[in-house]
$ cat my_file27.txt   # compact mmCIF, C-alpha atoms
# COMPACT_ATOMS: atom_id res chain seq x y z
CA LEU A 260 1.45 -26.62 -6.75
CA ASP A 261 -0.28 -24.03 -4.59
CA LEU A 262 2.96 -22.10 -4.28
CA PRO A 263 4.32 -18.80 -5.51
CA ASP A 264 6.61 -19.20 -8.50
CA TRP A 265 9.71 -18.36 -6.48
CA ALA A 266 8.88 -20.90 -3.78
CA ALA A 267 8.09 -23.66 -6.30
CA SER A 268 11.48 -23.07 -7.92
CA GLN A 269 13.17 -23.42 -4.56
CA LEU A 270 11.34 -26.67 -3.87
CA LEU A 271 12.56 -28.01 -7.21
CA LEU A 272 16.16 -27.06 -6.38
CA GLU A 273 15.88 -28.79 -3.04
CA TYR A 274 14.65 -31.95 -4.74
CA TRP A 275 17.69 -31.88 -7.00
CA GLY A 276 19.88 -31.77 -3.92
CA ILE A 277 20.96 -28.16 -4.27
CA ASP A 278 21.50 -26.70 -0.81
CA THR A 279 19.69 -23.41 -0.89
CA LYS A 280 17.89 -20.93 1.33
CA PRO A 281 15.22 -18.53 0.14
CA VAL A 282 17.01 -15.72 -1.66
CA TYR A 283 14.86 -12.69 -2.28
CA PRO A 284 15.44 -10.55 -5.38
CA VAL A 285 17.49 -7.41 -4.75
CA LEU A 286 17.13 -4.27 -6.85
CA ARG A 287 19.46 -1.32 -6.37
CA PRO A 288 18.39 1.71 -8.42
CA PRO A 289 21.26 3.61 -10.08
CA ALA A 290 22.21 7.00 -8.68
CA GLU A 291 20.63 8.84 -11.60
CA SER A 292 17.22 7.45 -10.58
CA PHE A 293 17.25 9.80 -7.61
CA GLU A 294 18.20 12.88 -9.62
CA GLU A 295 14.56 13.35 -10.57
CA ILE A 296 12.89 11.51 -7.70
CA ASP A 297 14.49 13.45 -4.85
CA PRO A 298 13.58 16.91 -6.24
CA TRP A 299 9.99 15.68 -6.73
CA ILE A 300 9.91 14.52 -3.11
CA ARG A 301 11.29 17.84 -1.83
CA THR A 302 8.76 19.79 -3.91
CA HIS A 303 5.74 17.79 -2.81
CA LEU A 304 6.73 16.46 0.60
CA GLY A 305 9.04 19.15 1.92
CA GLU A 306 12.78 19.48 2.27
CA SER A 307 12.87 16.93 5.06
CA GLY A 308 11.10 14.36 2.89
CA GLU A 309 7.84 13.73 4.76
CA ARG A 310 7.16 10.02 5.15
CA PHE A 311 5.00 8.39 2.51
CA PHE A 312 3.87 4.95 1.34
CA LEU A 313 3.62 3.80 -2.25
CA VAL A 314 0.28 2.75 -3.74
CA ALA A 315 -0.27 1.06 -7.12
CA LEU A 316 -3.67 -0.03 -8.39
CA GLY A 317 -2.90 -1.74 -11.68
CA ASN A 318 -3.44 -0.96 -15.31
CA GLY A 319 -7.21 -0.68 -15.25
CA ALA A 320 -8.02 -4.34 -15.97
CA ALA A 321 -11.59 -4.91 -14.83
CA ALA A 322 -10.64 -8.07 -12.94
CA LYS A 323 -8.38 -6.20 -10.57
CA GLN A 324 -10.16 -2.98 -9.71
CA LEU A 325 -11.10 -1.78 -6.26
CA SER A 326 -13.75 0.91 -6.13
CA VAL A 327 -12.71 4.56 -5.86
CA ILE A 328 -14.56 4.82 -2.54
CA THR A 329 -12.78 1.76 -1.09
CA VAL A 330 -9.33 3.02 -2.07
CA ALA A 331 -10.03 6.58 -0.91
CA SER A 332 -11.26 5.26 2.43
CA PHE A 333 -8.21 3.16 3.25
CA LEU A 334 -5.79 5.84 2.05
CA ALA A 335 -7.35 8.51 4.27
CA THR A 336 -7.75 6.19 7.26
CA LEU A 337 -4.17 4.94 7.14
CA GLU A 338 -2.84 8.49 6.92
CA GLN A 339 -4.95 9.57 9.88
CA GLN A 340 -3.85 6.57 11.96
CA THR A 341 -0.14 6.52 11.04
CA GLY A 342 0.70 10.04 9.87
CA ILE A 343 2.12 8.60 6.63
CA ARG A 344 0.82 10.04 3.34
CA ALA A 345 0.02 7.99 0.26
CA VAL A 346 1.68 8.49 -3.11
CA LEU A 347 -0.29 6.81 -5.87
CA VAL A 348 1.85 5.71 -8.80
CA GLY A 349 0.90 4.87 -12.36
CA HIS A 350 1.34 5.85 -15.99
CA ASP A 351 -0.51 8.44 -18.04
CA ALA A 352 -3.35 6.07 -18.94
CA GLU A 353 -4.17 5.78 -15.23
CA GLU A 354 -3.83 9.44 -14.33
CA ALA A 355 -7.52 10.39 -14.51
CA ARG A 356 -8.57 7.55 -12.22
CA LEU A 357 -5.76 8.24 -9.76
CA GLU A 358 -6.71 11.90 -9.60
CA ALA A 359 -10.34 10.92 -8.94
CA ILE A 360 -9.18 8.70 -6.07
CA CYS A 361 -7.10 11.57 -4.68
CA ARG A 362 -10.10 13.90 -4.71
CA ALA A 363 -12.24 11.33 -2.91
CA ALA A 364 -9.49 10.62 -0.36
CA THR A 365 -9.07 14.36 0.27
CA LYS A 366 -12.79 14.64 1.03
CA ALA A 367 -12.32 11.75 3.48
CA GLY A 368 -9.57 13.62 5.30
CA GLY A 369 -6.43 12.43 3.53
CA THR A 370 -3.76 14.28 1.57
CA PRO A 371 -2.55 11.78 -1.05
CA LEU A 372 -0.37 12.64 -4.04
CA VAL A 373 -0.08 11.27 -7.56
CA TRP A 374 3.18 10.40 -9.29
CA ILE A 375 3.03 9.57 -13.00
CA GLY A 376 5.95 7.61 -14.36
CA ARG A 377 7.46 7.71 -17.81
CA GLN A 378 7.72 4.90 -20.30
CA ARG A 379 10.85 2.76 -20.04
CA ARG A 380 11.89 4.38 -16.75
CA LEU A 381 11.32 1.53 -14.31
CA THR A 382 14.37 2.72 -12.38
CA ASP A 383 12.48 5.90 -11.45
CA LEU A 384 9.77 3.79 -9.83
CA ALA A 385 12.45 1.80 -8.01
CA GLY A 386 13.97 5.04 -6.76
CA LEU A 387 10.61 6.26 -5.46
CA ALA A 388 9.97 2.90 -3.82
CA THR A 389 13.37 3.11 -2.13
CA ARG A 390 12.36 6.39 -0.48
CA ALA A 391 8.95 5.08 0.64
CA GLN A 392 8.18 3.58 4.04
CA PHE A 393 6.25 0.66 2.59
CA TYR A 394 4.11 -0.46 -0.36
CA LEU A 395 0.37 -1.04 -0.33
CA GLY A 396 -1.68 -2.02 -3.36
CA LEU A 397 -2.70 -4.62 -5.87
CA ASP A 398 -0.49 -7.40 -7.20
CA THR A 399 1.16 -5.24 -9.84
CA GLY A 400 4.76 -4.97 -10.97
CA ALA A 401 5.21 -2.12 -8.49
CA LEU A 402 4.56 -4.58 -5.67
CA HIS A 403 7.53 -6.69 -6.72
CA VAL A 404 9.73 -3.64 -7.35
CA ALA A 405 9.05 -2.42 -3.81
CA ALA A 406 9.80 -5.86 -2.38
CA ALA A 407 13.04 -6.04 -4.38
CA VAL A 408 14.31 -2.72 -2.98
CA GLY A 409 13.75 -4.13 0.51
CA LYS A 410 10.47 -2.54 1.51
CA PRO A 411 7.72 -4.25 3.52
CA VAL A 412 4.63 -4.74 1.37
CA VAL A 413 0.88 -5.18 1.64
CA GLY A 414 -0.45 -6.98 -1.44
CA VAL A 415 -4.16 -7.11 -2.25
CA PHE A 416 -4.90 -10.24 -4.27
CA GLY A 417 -7.75 -11.78 -6.17
CA GLY A 418 -7.95 -15.44 -7.07
CA GLY A 419 -7.24 -15.51 -10.79
CA THR A 420 -3.67 -16.75 -10.52
CA TRP A 421 -3.52 -17.37 -6.77
CA PRO A 422 -0.95 -17.83 -5.26
CA ARG A 423 1.51 -17.73 -8.16
CA PHE A 424 2.56 -14.09 -7.82
CA LEU A 425 2.83 -13.67 -4.07
CA PRO A 426 5.83 -11.40 -3.45
CA ALA A 427 9.28 -12.52 -2.36
CA ALA A 428 9.61 -9.89 0.36
CA VAL A 429 11.42 -9.54 3.67
CA ARG A 430 8.09 -8.67 5.31
CA SER A 431 4.59 -8.85 3.89
CA ARG A 432 0.88 -8.99 4.49
CA THR A 433 -1.40 -10.49 1.86
CA VAL A 434 -5.05 -9.42 1.78
CA VAL A 435 -7.39 -11.93 0.18
CA ILE A 436 -10.99 -13.20 0.23
CA PRO A 437 -10.57 -16.98 -0.15
CA MET A 438 -12.99 -18.60 -2.57
CA ALA A 439 -13.34 -22.13 -3.91
CA CYS A 440 -12.96 -20.87 -7.49
CA PHE A 441 -9.41 -19.58 -6.97
CA GLY A 442 -7.15 -20.42 -9.89
CA CYS A 443 -9.77 -19.46 -12.49
CA GLY A 444 -7.25 -17.60 -14.66
CA TRP A 445 -9.57 -14.57 -14.40
CA ASN A 446 -12.27 -16.44 -16.33
CA CYS A 447 -14.71 -15.38 -13.64
CA GLN A 448 -17.99 -17.28 -13.11
CA PHE A 449 -19.44 -14.12 -11.59
CA ASP A 450 -20.05 -10.82 -13.32
CA ASP A 451 -17.94 -8.56 -11.13
CA PHE A 452 -14.82 -10.41 -9.93
CA ARG A 453 -16.09 -10.34 -6.38
CA CYS A 454 -12.84 -11.76 -4.91
CA VAL A 455 -11.41 -8.28 -5.61
CA ALA A 456 -14.54 -6.12 -5.67
CA ASP A 457 -15.53 -7.17 -2.14
CA ILE A 458 -12.17 -6.35 -0.52
CA SER A 459 -13.00 -3.95 2.30
CA ALA A 460 -11.18 -0.76 3.25
CA GLU A 461 -11.20 -1.96 6.87
CA GLY A 462 -9.38 -5.15 5.90
CA VAL A 463 -6.68 -3.24 4.02
CA VAL A 464 -6.21 -0.82 6.92
CA LYS A 465 -5.87 -3.76 9.32
CA ALA A 466 -3.18 -5.28 7.10
CA GLY A 467 -1.31 -1.98 6.87
CA ASN A 468 -1.28 -1.44 10.61
CA ASP A 469 -0.25 -5.04 11.21
CA LEU A 470 2.63 -4.68 8.76
CA LEU A 471 3.89 -1.53 10.48
CA SER A 472 3.58 -3.01 13.98
CA GLY A 473 6.68 -5.13 13.47
CA ASP A 474 4.94 -8.10 15.09
CA GLU A 475 5.68 -11.65 14.01
CA PRO A 476 5.23 -13.47 11.77
CA ALA A 477 7.12 -11.68 9.02
CA HIS A 478 4.64 -12.99 6.44
CA ALA A 479 0.93 -13.48 6.99
CA LEU A 480 -2.38 -13.78 5.20
CA VAL A 481 -5.13 -11.35 6.13
CA GLN A 482 -8.19 -13.36 5.13
CA LEU A 483 -11.37 -11.36 4.72
CA THR A 484 -14.95 -12.51 4.32
CA SER A 485 -17.83 -11.25 2.25
CA GLU A 486 -21.55 -12.02 2.38
CA ARG A 487 -21.52 -12.56 -1.37
CA CYS A 488 -18.72 -15.09 -0.96
CA THR A 489 -20.30 -17.00 1.93
CA GLY A 490 -19.67 -20.71 1.63
CA ALA A 491 -16.64 -20.30 -0.62
CA ALA A 492 -13.83 -22.38 0.83
CA PRO A 493 -10.20 -21.45 0.33
CA ARG A 494 -7.85 -23.79 -1.43
CA GLU A 495 -5.35 -25.38 0.90
CA CYS A 496 -2.23 -23.32 0.39
CA LEU A 497 1.23 -23.08 1.79
CA THR A 498 2.22 -20.85 4.67
CA ILE A 499 5.52 -19.11 4.05
CA THR A 500 7.21 -17.79 7.17
CA GLY A 501 10.70 -16.40 7.14
CA ASN A 502 13.11 -18.91 5.60
CA GLN A 503 10.80 -21.88 5.98
CA LEU A 504 8.42 -23.35 3.46
CA THR A 505 5.81 -25.60 5.00
CA ALA A 506 4.36 -27.92 2.39
CA THR A 507 1.68 -30.59 2.53
CA ARG A 508 2.74 -34.12 1.64
CA GLU A 509 0.58 -34.04 -1.45
CA ALA A 510 2.17 -30.81 -2.65
CA LEU A 511 5.59 -32.34 -2.12
CA ARG A 512 4.63 -35.47 -4.05
CA THR A 513 3.36 -33.28 -6.89
CA GLY A 514 6.63 -31.37 -6.87
CA ILE A 515 8.61 -34.59 -6.99
CA ARG A 516 6.58 -35.88 -9.92
CA SER A 517 7.19 -32.62 -11.76
CA ALA A 518 10.89 -32.80 -10.98
CA GLU A 519 11.06 -36.39 -12.22
CA ARG A 520 9.43 -35.33 -15.46
CA VAL A 521 11.95 -32.51 -15.91
CA THR A 522 14.82 -34.90 -15.16
CA SER A 523 13.47 -37.36 -17.71
CA LEU A 524 13.24 -34.64 -20.35
CA GLU A 525 16.79 -33.51 -19.61
CA ALA A 526 18.06 -37.08 -20.03
CA GLU A 527 16.24 -37.39 -23.34
CA VAL A 528 17.73 -34.12 -24.60
CA ALA A 529 21.23 -35.24 -23.54
CA ARG A 530 20.77 -38.56 -25.30
CA ARG A 531 19.68 -36.92 -28.54
CA LEU A 532 22.56 -34.47 -28.47
CA LYS A 533 24.98 -37.39 -28.37
CA GLU A 534 23.41 -39.04 -31.41
$ encode --input "my_file27.txt" --output "structure tokens"
Amino acid sequence: LDLPDWAASQLLLEYWGIDTKPVYPVLRPPAESFEEIDPWIRTHLGESGERFFLVALGNGAAAKQLSVITVASFLATLEQQTGIRAVLVGHDAEEARLEAICRAATKAGGTPLVWIGRQRRLTDLAGLATRAQFYLGLDTGALHVAAAVGKPVVGVFGGGTWPRFLPAAVRSRTVVIPMACFGCGWNCQFDDFRCVADISAEGVVKAGNDLLSGDEPAHALVQLTSERCTGAAPRECLTITGNQLTATREALRTGIRSAERVTSLEAEVARRLKE
């Protein structure tokens, strides 16, 4: 199915006759998460807690890297247009690259900050995300953490696992360059993962401004184009808006066949347990 995991699960429940509505994950950081986060915010963003947005760029995997210049450009432009500063988050292995992005963004007129998390302290990231205005970045774990604490998100996606990991968020914009080779599992037929490499700063800025506008729909794709990707056709995918999932008949038939297979396996397991 061309569906995010969470939406496919819901479709399966509906087939089984379980009355359900989309339920988004909810994460509530414990109070101690803010004992370190809030002092950091006051130190770097002032006592009043200047507004900021959270940015995560992944763990350095070559398939998911935007160029330093691209990231620096959209960070500086968004700050200039909205007055909201960027806080780049990562772990110590990413620190050098994040600092390089900050230097480039500063030259472009921005004032971004870097926050380096500690191992096994995911709640700290959740606390920082709770204080942020919104999330913008690649399809990392931080994207889903921000969505789970109730923040609007802009996710920048490539095609390797599209659309399996689209976020379950109350409001989102998804930036993507559709290509016919989506679903490749990151076994790229090109040499530079152009579905990510060709994402433009202008496209990301457009998605950020659209997210903050409050305009409907709550969820939307921001489909970009690239000269190097000319002629690449997107896979037909599902549009998810609010509490509705609009599926093609073929996708529904595929879901039903999968559900029938699961039901058959369950019956077989039950039969064997009785023997």
$ atom_distance --input "my_file27.txt" --atom1 "atom CA of Glu475 of chain A" --atom2 "atom CA of Pro411 of chain A"
13.0 Å
$ residues_near_point --input "my_file27.txt" --point "(-3.5, -6.5, -1.9)" --cutoff "9 Å" --atoms "all atoms listed in the file" --output "ChimeraX atom specification"
/A:395-398,412-417,432-435,455,458,463
$ residues_around --input "my_file27.txt" --residues "segment 285-296 of chain A" --least-positions-apart "2" --cutoff "12 Å" --atoms "all atoms listed in the file" --output "ChimeraX atom specification"
/A:282-283,298-304,308,374-377,380-391,403-410,427-429
$ write_last_selection --input "my_file27.txt" --atoms "C-alpha atoms" --output "mmCIF file, in the coordinates of the input"
data_model
loop_
_atom_site.group_PDB
_atom_site.id
_atom_site.type_symbol
_atom_site.label_atom_id
_atom_site.label_comp_id
_atom_site.auth_asym_id
_atom_site.auth_seq_id
_atom_site.Cartn_x
_atom_site.Cartn_y
_atom_site.Cartn_z
ATOM 1 C CA VAL A 282 17.010 -15.720 -1.660
ATOM 2 C CA TYR A 283 14.860 -12.690 -2.280
ATOM 3 C CA PRO A 298 13.580 16.910 -6.240
ATOM 4 C CA TRP A 299 9.990 15.680 -6.730
ATOM 5 C CA ILE A 300 9.910 14.520 -3.110
ATOM 6 C CA ARG A 301 11.290 17.840 -1.830
ATOM 7 C CA THR A 302 8.760 19.790 -3.910
ATOM 8 C CA HIS A 303 5.740 17.790 -2.810
ATOM 9 C CA LEU A 304 6.730 16.460 0.600
ATOM 10 C CA GLY A 308 11.100 14.360 2.890
ATOM 11 C CA TRP A 374 3.180 10.400 -9.290
ATOM 12 C CA ILE A 375 3.030 9.570 -13.000
ATOM 13 C CA GLY A 376 5.950 7.610 -14.360
ATOM 14 C CA ARG A 377 7.460 7.710 -17.810
ATOM 15 C CA ARG A 380 11.890 4.380 -16.750
ATOM 16 C CA LEU A 381 11.320 1.530 -14.310
ATOM 17 C CA THR A 382 14.370 2.720 -12.380
ATOM 18 C CA ASP A 383 12.480 5.900 -11.450
ATOM 19 C CA LEU A 384 9.770 3.790 -9.830
ATOM 20 C CA ALA A 385 12.450 1.800 -8.010
ATOM 21 C CA GLY A 386 13.970 5.040 -6.760
ATOM 22 C CA LEU A 387 10.610 6.260 -5.460
ATOM 23 C CA ALA A 388 9.970 2.900 -3.820
ATOM 24 C CA THR A 389 13.370 3.110 -2.130
ATOM 25 C CA ARG A 390 12.360 6.390 -0.480
ATOM 26 C CA ALA A 391 8.950 5.080 0.640
ATOM 27 C CA HIS A 403 7.530 -6.690 -6.720
ATOM 28 C CA VAL A 404 9.730 -3.640 -7.350
ATOM 29 C CA ALA A 405 9.050 -2.420 -3.810
ATOM 30 C CA ALA A 406 9.800 -5.860 -2.380
ATOM 31 C CA ALA A 407 13.040 -6.040 -4.380
ATOM 32 C CA VAL A 408 14.310 -2.720 -2.980
ATOM 33 C CA GLY A 409 13.750 -4.130 0.510
ATOM 34 C CA LYS A 410 10.470 -2.540 1.510
ATOM 35 C CA ALA A 427 9.280 -12.520 -2.360
ATOM 36 C CA ALA A 428 9.610 -9.890 0.360
ATOM 37 C CA VAL A 429 11.420 -9.540 3.670
#
$ atom_distance --input "my_file27.txt" --atom1 "atom CA of Ala345 of chain A" --atom2 "atom CA of Phe312 of chain A"
5.0 Å
$ residues_near_point --input "my_file27.txt" --point "(-10.3, -3.8, 6.9)" --cutoff "10 Å" --atoms "only C-alpha atoms" --output "ChimeraX atom specification"
/A:333,434,458-467,481-483
$ atom_distance --input "my_file27.txt" --atom1 "atom CA of Ala359 of chain A" --atom2 "atom CA of Gly419 of chain A"
26.7 Å
$ residues_around --input "my_file27.txt" --residues "Asp264 of chain A" --least-positions-apart "5" --cutoff "12 Å" --atoms "all atoms listed in the file" --output "compact mmCIF listing (two decimals) with C-alpha atoms, keeping the file's coordinate frame"
# COMPACT_ATOMS: atom_id res chain seq x y z
CA GLN A 269 13.17 -23.42 -4.56
CA LEU A 270 11.34 -26.67 -3.87
CA LEU A 271 12.56 -28.01 -7.21
CA THR A 420 -3.67 -16.75 -10.52
CA TRP A 421 -3.52 -17.37 -6.77
CA PRO A 422 -0.95 -17.83 -5.26
CA ARG A 423 1.51 -17.73 -8.16
CA PHE A 424 2.56 -14.09 -7.82
CA LEU A 425 2.83 -13.67 -4.07
CA PRO A 426 5.83 -11.40 -3.45
CA ALA A 427 9.28 -12.52 -2.36
$ closest_residue --input "my_file27.txt" --among "A:Val314, A:Arg344, A:Leu357, A:Ser268" --to "Ile328 of chain A" --atoms "all atoms listed in the file"
A:Leu357
$ closest_residue --input "my_file27.txt" --among "A:Ile360, A:Leu337, A:Leu347, A:Ala367" --to "Leu470 of chain A" --atoms "all atoms listed in the file"
A:Leu337
$ closest_residue --input "my_file27.txt" --among "A:Ala363, A:Leu471, A:Cys454, A:Ala477" --to "Met438 of chain A" --atoms "all atoms listed in the file"
A:Cys454
$ closest_residue --input "my_file27.txt" --among "A:Leu262, A:Leu313, A:Leu480, A:Ala401" --to "Leu372 of chain A" --atoms "all atoms listed in the file"
A:Leu313
$ axis_aligned_box --input "my_file27.txt" --around "segment 313-316 of chain A" --padding-each-side "8 Å" --output "JSON"
{"center_x": 0.0, "center_y": 1.9, "center_z": -5.3, "size_x": 23.3, "size_y": 19.8, "size_z": 22.1}
$ decode --input "my_file27.txt" --residues "segment 436-453 of chain A" --atoms "N, CA, C and O atoms" --output "PDB file, in the first residue's frame"
ATOM      1  N   ILE A 436      10.310  15.636  -3.955  1.00  0.00           N
ATOM      2  CA  ILE A 436      10.433  15.665  -5.418  1.00  0.00           C
ATOM      3  C   ILE A 436       9.975  14.303  -5.922  1.00  0.00           C
ATOM      4  O   ILE A 436      10.721  13.322  -5.813  1.00  0.00           O
ATOM      5  N   PRO A 437       8.757  14.175  -6.438  1.00  0.00           N
ATOM      6  CA  PRO A 437       8.268  12.859  -6.869  1.00  0.00           C
ATOM      7  C   PRO A 437       9.099  12.303  -8.021  1.00  0.00           C
ATOM      8  O   PRO A 437       9.435  13.011  -8.965  1.00  0.00           O
ATOM      9  N   MET A 438       9.420  11.018  -7.913  1.00  0.00           N
ATOM     10  CA  MET A 438      10.156  10.333  -8.970  1.00  0.00           C
ATOM     11  C   MET A 438       9.588   8.930  -9.145  1.00  0.00           C
ATOM     12  O   MET A 438       9.059   8.336  -8.196  1.00  0.00           O
ATOM     13  N   ALA A 439       9.702   8.409 -10.347  1.00  0.00           N
ATOM     14  CA  ALA A 439       9.148   7.089 -10.637  1.00  0.00           C
ATOM     15  C   ALA A 439       9.829   5.977  -9.855  1.00  0.00           C
ATOM     16  O   ALA A 439       9.267   4.897  -9.672  1.00  0.00           O
ATOM     17  N   CYS A 440      11.036   6.230  -9.371  1.00  0.00           N
ATOM     18  CA  CYS A 440      11.800   5.186  -8.678  1.00  0.00           C
ATOM     19  C   CYS A 440      11.540   5.168  -7.178  1.00  0.00           C
ATOM     20  O   CYS A 440      12.237   4.462  -6.432  1.00  0.00           O
ATOM     21  N   PHE A 441      10.547   5.932  -6.701  1.00  0.00           N
ATOM     22  CA  PHE A 441      10.233   5.918  -5.278  1.00  0.00           C
ATOM     23  C   PHE A 441       9.965   4.491  -4.803  1.00  0.00           C
ATOM     24  O   PHE A 441       9.377   3.687  -5.518  1.00  0.00           O
ATOM     25  N   GLY A 442      10.376   4.220  -3.573  1.00  0.00           N
ATOM     26  CA  GLY A 442      10.246   2.879  -3.020  1.00  0.00           C
ATOM     27  C   GLY A 442      11.465   2.021  -3.270  1.00  0.00           C
ATOM     28  O   GLY A 442      11.424   0.799  -3.145  1.00  0.00           O
ATOM     29  N   CYS A 443      12.593   2.660  -3.570  1.00  0.00           N
ATOM     30  CA  CYS A 443      13.817   1.924  -3.934  1.00  0.00           C
ATOM     31  C   CYS A 443      14.516   1.312  -2.733  1.00  0.00           C
ATOM     32  O   CYS A 443      15.485   0.558  -2.899  1.00  0.00           O
ATOM     33  N   GLY A 444      14.081   1.662  -1.518  1.00  0.00           N
ATOM     34  CA  GLY A 444      14.769   1.161  -0.326  1.00  0.00           C
ATOM     35  C   GLY A 444      16.150   1.771  -0.164  1.00  0.00           C
ATOM     36  O   GLY A 444      17.017   1.206   0.488  1.00  0.00           O
ATOM     37  N   TRP A 445      16.361   2.945  -0.788  1.00  0.00           N
ATOM     38  CA  TRP A 445      17.641   3.651  -0.775  1.00  0.00           C
ATOM     39  C   TRP A 445      18.728   2.914  -1.563  1.00  0.00           C
ATOM     40  O   TRP A 445      19.901   3.214  -1.433  1.00  0.00           O
ATOM     41  N   ASN A 446      18.317   1.956  -2.400  1.00  0.00           N
ATOM     42  CA  ASN A 446      19.250   1.365  -3.365  1.00  0.00           C
ATOM     43  C   ASN A 446      19.168   2.210  -4.635  1.00  0.00           C
ATOM     44  O   ASN A 446      18.533   1.844  -5.621  1.00  0.00           O
ATOM     45  N   CYS A 447      19.815   3.366  -4.590  1.00  0.00           N
ATOM     46  CA  CYS A 447      19.606   4.401  -5.596  1.00  0.00           C
ATOM     47  C   CYS A 447      20.253   4.039  -6.931  1.00  0.00           C
ATOM     48  O   CYS A 447      21.395   3.581  -6.989  1.00  0.00           O
ATOM     49  N   GLN A 448      19.498   4.276  -8.032  1.00  0.00           N
ATOM     50  CA  GLN A 448      20.040   4.022  -9.376  1.00  0.00           C
ATOM     51  C   GLN A 448      20.908   5.180  -9.841  1.00  0.00           C
ATOM     52  O   GLN A 448      21.583   5.067 -10.853  1.00  0.00           O
ATOM     53  N   PHE A 449      20.878   6.285  -9.105  1.00  0.00           N
ATOM     54  CA  PHE A 449      21.740   7.412  -9.411  1.00  0.00           C
ATOM     55  C   PHE A 449      22.911   7.418  -8.431  1.00  0.00           C
ATOM     56  O   PHE A 449      22.967   6.619  -7.516  1.00  0.00           O
ATOM     57  N   ASP A 450      23.810   8.355  -8.611  1.00  0.00           N
ATOM     58  CA  ASP A 450      25.005   8.344  -7.761  1.00  0.00           C
ATOM     59  C   ASP A 450      24.930   9.358  -6.630  1.00  0.00           C
ATOM     60  O   ASP A 450      25.860   9.468  -5.832  1.00  0.00           O
ATOM     61  N   ASP A 451      23.815  10.100  -6.534  1.00  0.00           N
ATOM     62  CA  ASP A 451      23.797  11.162  -5.533  1.00  0.00           C
ATOM     63  C   ASP A 451      22.430  11.357  -4.870  1.00  0.00           C
ATOM     64  O   ASP A 451      22.156  12.403  -4.315  1.00  0.00           O
ATOM     65  N   PHE A 452      21.574  10.345  -4.914  1.00  0.00           N
ATOM     66  CA  PHE A 452      20.275  10.420  -4.245  1.00  0.00           C
ATOM     67  C   PHE A 452      19.588  11.754  -4.551  1.00  0.00           C
ATOM     68  O   PHE A 452      19.249  12.523  -3.665  1.00  0.00           O
ATOM     69  N   ARG A 453      19.352  11.988  -5.832  1.00  0.00           N
ATOM     70  CA  ARG A 453      18.893  13.298  -6.266  1.00  0.00           C
ATOM     71  C   ARG A 453      17.509  13.662  -5.731  1.00  0.00           C
ATOM     72  O   ARG A 453      17.151  14.834  -5.692  1.00  0.00           O
TER      73      ARG A 453
END
